[in-house]
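J.: Got a structure for you, questions after.
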Amino acid sequence: MPASTKLGTGRRGELLTLACHLFAERGFQATTVRDIAEAAGILSGSLYHHFDSKETMVDEIIRTFQDELFTEYDAIMAMDLGPREKLAAVIATSFEAIHNHRDAVAIYQHESKYLQQFERFSYLIERNKQYRDILMSLLAEGVSAEVFREDLDVEITYRFIRDSVWVAVGWYHPERGLAASEIAERYLGIVLDGISRK
């Protein structure tokens with residue numbers, strides 16, 4: 001599995017994919033335009049023919065990944081399914097995103113707090129709110145429908161799911177055995193069915 005799905009076509013897409021890998025590996029702030037150019041075998045000035053800054057590059061990387069992800073979330077929420085099935089689909093889609101966009105997810109995980117202080121990345125705050133609203137609404141709906149426990153702490157459960165899913169980008173390696181769908185299935189078994197012996 002490539003660490004990052006190719007971002008675009010042609011030379012511009014190649015440069016963006018390379019930058020994505022470097023940002024994920026070294027950190028956005030630690031990676032310079034010169035680093036990207038050297039890795040691509042070109043001069044820094046040549047890189048500016050395609051992008052005006054590394055901020056533009058990371059913006060496109062994160063937007064591409066998140067636009068695709070939230071389009072899938074919206075499709076799930078529009079389905080005629082119950083809250084348990086929708087929650088399972090959202091979580092499975094999240095693990096698939098880690099599989100398909102590992103570098104982009106790593107950048108988001110490690111750099112979003114830093115990037116959010118800049119106006120051009122204000123959409124990250126809105127995306128976080130959207131994700132929270134999706135999970136909170138499904139959990140609350142599940143409690144109301146008596147699908148989930150009536151004493152479920154929706155806020156804590158949301159935070160647990162949010163953090164435990166996306167941190168997987170640091171340890172999930174499909175080449176070591178399990179596919180994203182299998183990881184999602186096992187994770188859902190823990191979240192939805194618990195770990196206590198029945």
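Ligands are numbered from 1 in the order shown, chains are lettered A, B, ... in the order of the structure tokens, and residues start at 1 in each chain.
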With region 109-119 of chain A as the partner and 12 Å as the cut-off, tabulate the residues of region 15-75 of chain A that qualify, each row holding the nearest pair of atoms and their distance in Å to one decimal, using only C-alpha atoms, sorted by chain and rising number, as a Markdown table.
T.:
```
| residue | atom | partner | partner_atom | distance |
| --- | --- | --- | --- | --- |
| A:Phe23 | CA | A:Glu111 | CA | 9.2 |
| A:Ala24 | CA | A:His110 | CA | 8.3 |
| A:Glu25 | CA | A:His110 | CA | 10.5 |
| A:Arg26 | CA | A:His110 | CA | 10.7 |
| A:Gly27 | CA | A:Glu111 | CA | 7.6 |
| A:Phe28 | CA | A:Glu111 | CA | 7.0 |
| A:Gln29 | CA | A:Glu111 | CA | 8.6 |
| A:Ala30 | CA | A:Glu111 | CA | 11.2 |
| A:Glu55 | CA | A:Leu115 | CA | 9.1 |
| A:Thr56 | CA | A:Leu115 | CA | 11.7 |
| A:Val58 | CA | A:Leu115 | CA | 9.5 |
| A:Asp59 | CA | A:Leu115 | CA | 9.2 |
| A:Ile62 | CA | A:Ser112 | CA | 9.4 |
| A:Arg63 | CA | A:Ser112 | CA | 11.8 |
```
J.: Please identify all polymer residues within 12 Å of Tyr48 (chain A), counting only C-alpha atoms, omitting same-chain residues fewer than 2 positions from it, and present them as JSON, numbers by chain.
T.: {"A": [12, 15, 33, 34, 36, 37, 42, 43, 44, 45, 46, 50, 51, 52, 53, 54, 56, 57]}
J.: Find the residues around region 151-158 of chain A up to 7 Å (only C-alpha atoms counted), leave out those fewer than 2 positions away in its own chain, and share them as a compact mmCIF listing (two decimals) with C-alpha atoms, in the first residue's frame.
T.:
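Contents of part14.txt, freshly written:
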```txt
# COMPACT_ATOMS: atom_id res chain seq x y z
CA LEU A 135 -20.82 10.89 16.07
CA MET A 136 -22.75 12.68 18.79
CA LEU A 139 -24.78 7.98 19.67
CA ALA A 140 -27.68 10.03 21.00
CA ARG A 149 -27.23 1.58 26.71
CA PHE A 160 -13.00 7.77 22.88
CA ILE A 161 -14.04 6.84 19.33
CA ARG A 162 -12.54 10.00 17.83
```
J.: Go through A:Glu60, A:Tyr123, A:Phe148, A:Arg159 and flag the residue nearest Glu85 (chain A), using only C-alpha atoms for the distances.
T.: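 Using only C-alpha atoms, Glu85 (chain A) sits closest to A:Phe148.
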J.: Which of these, A:Ala180, A:Ala75, A:Ile125, A:Ile61, has the shortest distance to Asn100 (chain A) once you count only C-alpha atoms?
T.: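 The closest residue to Asn100 (chain A) is A:Ala180.
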J.: Counting only C-alpha atoms, which residue out of A:Tyr108, A:Phe121, A:Phe65, A:Tyr131 sits closest to Leu87 (chain A)?
T.: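 Using only C-alpha atoms, the shortest distance to Leu87 (chain A) belongs to A:Tyr131.
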J.: When distances are computed from only C-alpha atoms, which of A:Ala92, A:Leu69, A:Val167, A:Ala97 shows the smallest separation from Gln130 (chain A)?
T.: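 The closest residue to Gln130 (chain A) is A:Leu69.
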J.: One decimal, Å: what's the distance from CA of Gly189 (chain A) over to CA of Ala88 (chain A), could you say?
T.: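 Rounded to one decimal, the two atoms are 9.8 Å apart.
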J.: Considering only C-alpha atoms, state which residue in the set A:Leu188, A:Ile107, A:Leu178, A:Ala78 is at the smallest distance from Ser94 (chain A).
T.: A:Leu188
J.: Just asking: which residues within chain A are helix (DSSP H, G or I) according to DSSP, as a PyMOL selection string?
T.: chain A and resi 10-26+33-40+44-47+54-77+83-100+102-115+119-121+123-144+154-170+174-176+180-193
J.: Any idea what's packed within 12 Å of Arg186 (chain A), counting only C-alpha atoms, ignoring anything in its chain fewer than 5 positions away? Could you give it as a list in words?
T.: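 Within the cut-off, the hits are Ala88, Ile91, Ala92, Phe95, Val165, Leu178, Ala179, Ala180, Ser181, Val191, Leu192, Asp193, Gly194 and Ile195 of chain A.
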J.: Could you turn the residues from that selection into a file that holds N, CA, C and O atoms, as a PDB file, in the first residue's frame?
T.:
```pdb
ATOM      1  N   ALA A  88     -21.241   2.158  12.594  1.00  0.00           N
ATOM      2  CA  ALA A  88     -20.293   1.152  12.115  1.00  0.00           C
ATOM      3  C   ALA A  88     -19.725   1.550  10.755  1.00  0.00           C
ATOM      4  O   ALA A  88     -18.525   1.397  10.500  1.00  0.00           O
ATOM      5  N   ILE A  91     -17.207   4.484  11.123  1.00  0.00           N
ATOM      6  CA  ILE A  91     -15.931   4.011  11.663  1.00  0.00           C
ATOM      7  C   ILE A  91     -15.158   3.211  10.616  1.00  0.00           C
ATOM      8  O   ILE A  91     -13.940   3.392  10.449  1.00  0.00           O
ATOM      9  N   ALA A  92     -15.844   2.345   9.878  1.00  0.00           N
ATOM     10  CA  ALA A  92     -15.177   1.564   8.828  1.00  0.00           C
ATOM     11  C   ALA A  92     -14.608   2.482   7.755  1.00  0.00           C
ATOM     12  O   ALA A  92     -13.483   2.270   7.263  1.00  0.00           O
ATOM     13  N   PHE A  95     -11.343   4.051   8.963  1.00  0.00           N
ATOM     14  CA  PHE A  95     -10.182   3.165   8.840  1.00  0.00           C
ATOM     15  C   PHE A  95      -9.744   3.022   7.375  1.00  0.00           C
ATOM     16  O   PHE A  95      -8.548   2.923   7.083  1.00  0.00           O
ATOM     17  N   VAL A 165      -9.748   5.878  17.025  1.00  0.00           N
ATOM     18  CA  VAL A 165      -9.739   5.540  15.596  1.00  0.00           C
ATOM     19  C   VAL A 165      -8.551   6.185  14.894  1.00  0.00           C
ATOM     20  O   VAL A 165      -7.729   5.512  14.261  1.00  0.00           O
ATOM     21  N   LEU A 178      -3.347  -7.477   8.661  1.00  0.00           N
ATOM     22  CA  LEU A 178      -4.763  -7.152   8.605  1.00  0.00           C
ATOM     23  C   LEU A 178      -5.073  -5.990   7.664  1.00  0.00           C
ATOM     24  O   LEU A 178      -4.377  -4.981   7.651  1.00  0.00           O
ATOM     25  N   ALA A 179      -6.155  -6.147   6.910  1.00  0.00           N
ATOM     26  CA  ALA A 179      -6.627  -5.065   6.052  1.00  0.00           C
ATOM     27  C   ALA A 179      -7.426  -4.081   6.895  1.00  0.00           C
ATOM     28  O   ALA A 179      -7.825  -4.379   8.020  1.00  0.00           O
ATOM     29  N   ALA A 180      -7.690  -2.908   6.324  1.00  0.00           N
ATOM     30  CA  ALA A 180      -8.442  -1.878   7.046  1.00  0.00           C
ATOM     31  C   ALA A 180      -9.820  -2.379   7.452  1.00  0.00           C
ATOM     32  O   ALA A 180     -10.299  -2.098   8.559  1.00  0.00           O
ATOM     33  N   SER A 181     -10.462  -3.126   6.578  1.00  0.00           N
ATOM     34  CA  SER A 181     -11.800  -3.638   6.883  1.00  0.00           C
ATOM     35  C   SER A 181     -11.769  -4.607   8.062  1.00  0.00           C
ATOM     36  O   SER A 181     -12.695  -4.647   8.881  1.00  0.00           O
ATOM     37  N   VAL A 191     -15.963  -1.937  20.535  1.00  0.00           N
ATOM     38  CA  VAL A 191     -16.793  -0.778  20.871  1.00  0.00           C
ATOM     39  C   VAL A 191     -18.262  -1.159  21.058  1.00  0.00           C
ATOM     40  O   VAL A 191     -18.917  -0.738  22.019  1.00  0.00           O
ATOM     41  N   LEU A 192     -18.791  -1.953  20.141  1.00  0.00           N
ATOM     42  CA  LEU A 192     -20.216  -2.249  20.175  1.00  0.00           C
ATOM     43  C   LEU A 192     -20.584  -3.427  21.063  1.00  0.00           C
ATOM     44  O   LEU A 192     -21.697  -3.500  21.577  1.00  0.00           O
ATOM     45  N   ASP A 193     -19.651  -4.377  21.207  1.00  0.00           N
ATOM     46  CA  ASP A 193     -19.971  -5.584  21.981  1.00  0.00           C
ATOM     47  C   ASP A 193     -19.206  -5.695  23.290  1.00  0.00           C
ATOM     48  O   ASP A 193     -19.525  -6.531  24.126  1.00  0.00           O
ATOM     49  N   GLY A 194     -18.168  -4.870  23.451  1.00  0.00           N
ATOM     50  CA  GLY A 194     -17.406  -4.883  24.691  1.00  0.00           C
ATOM     51  C   GLY A 194     -16.356  -5.978  24.741  1.00  0.00           C
ATOM     52  O   GLY A 194     -16.185  -6.757  23.803  1.00  0.00           O
ATOM     53  N   ILE A 195     -15.636  -6.024  25.840  1.00  0.00           N
ATOM     54  CA  ILE A 195     -14.561  -7.022  25.987  1.00  0.00           C
ATOM     55  C   ILE A 195     -14.863  -8.008  27.124  1.00  0.00           C
ATOM     56  O   ILE A 195     -14.091  -8.950  27.337  1.00  0.00           O
TER      57      ILE A 195
END
```
J.: Which residue, A:Asp163, A:Glu68, A:Glu38, A:Glu126, has the smallest gap to Ala104 (chain A) when you use only C-alpha atoms?
T.: A:Glu68
J.: Would you work out the distance separating CA of Gly10 (chain A) from CA of Ala40 (chain A), expressed in Å to one decimal?
T.: 13.3 Å
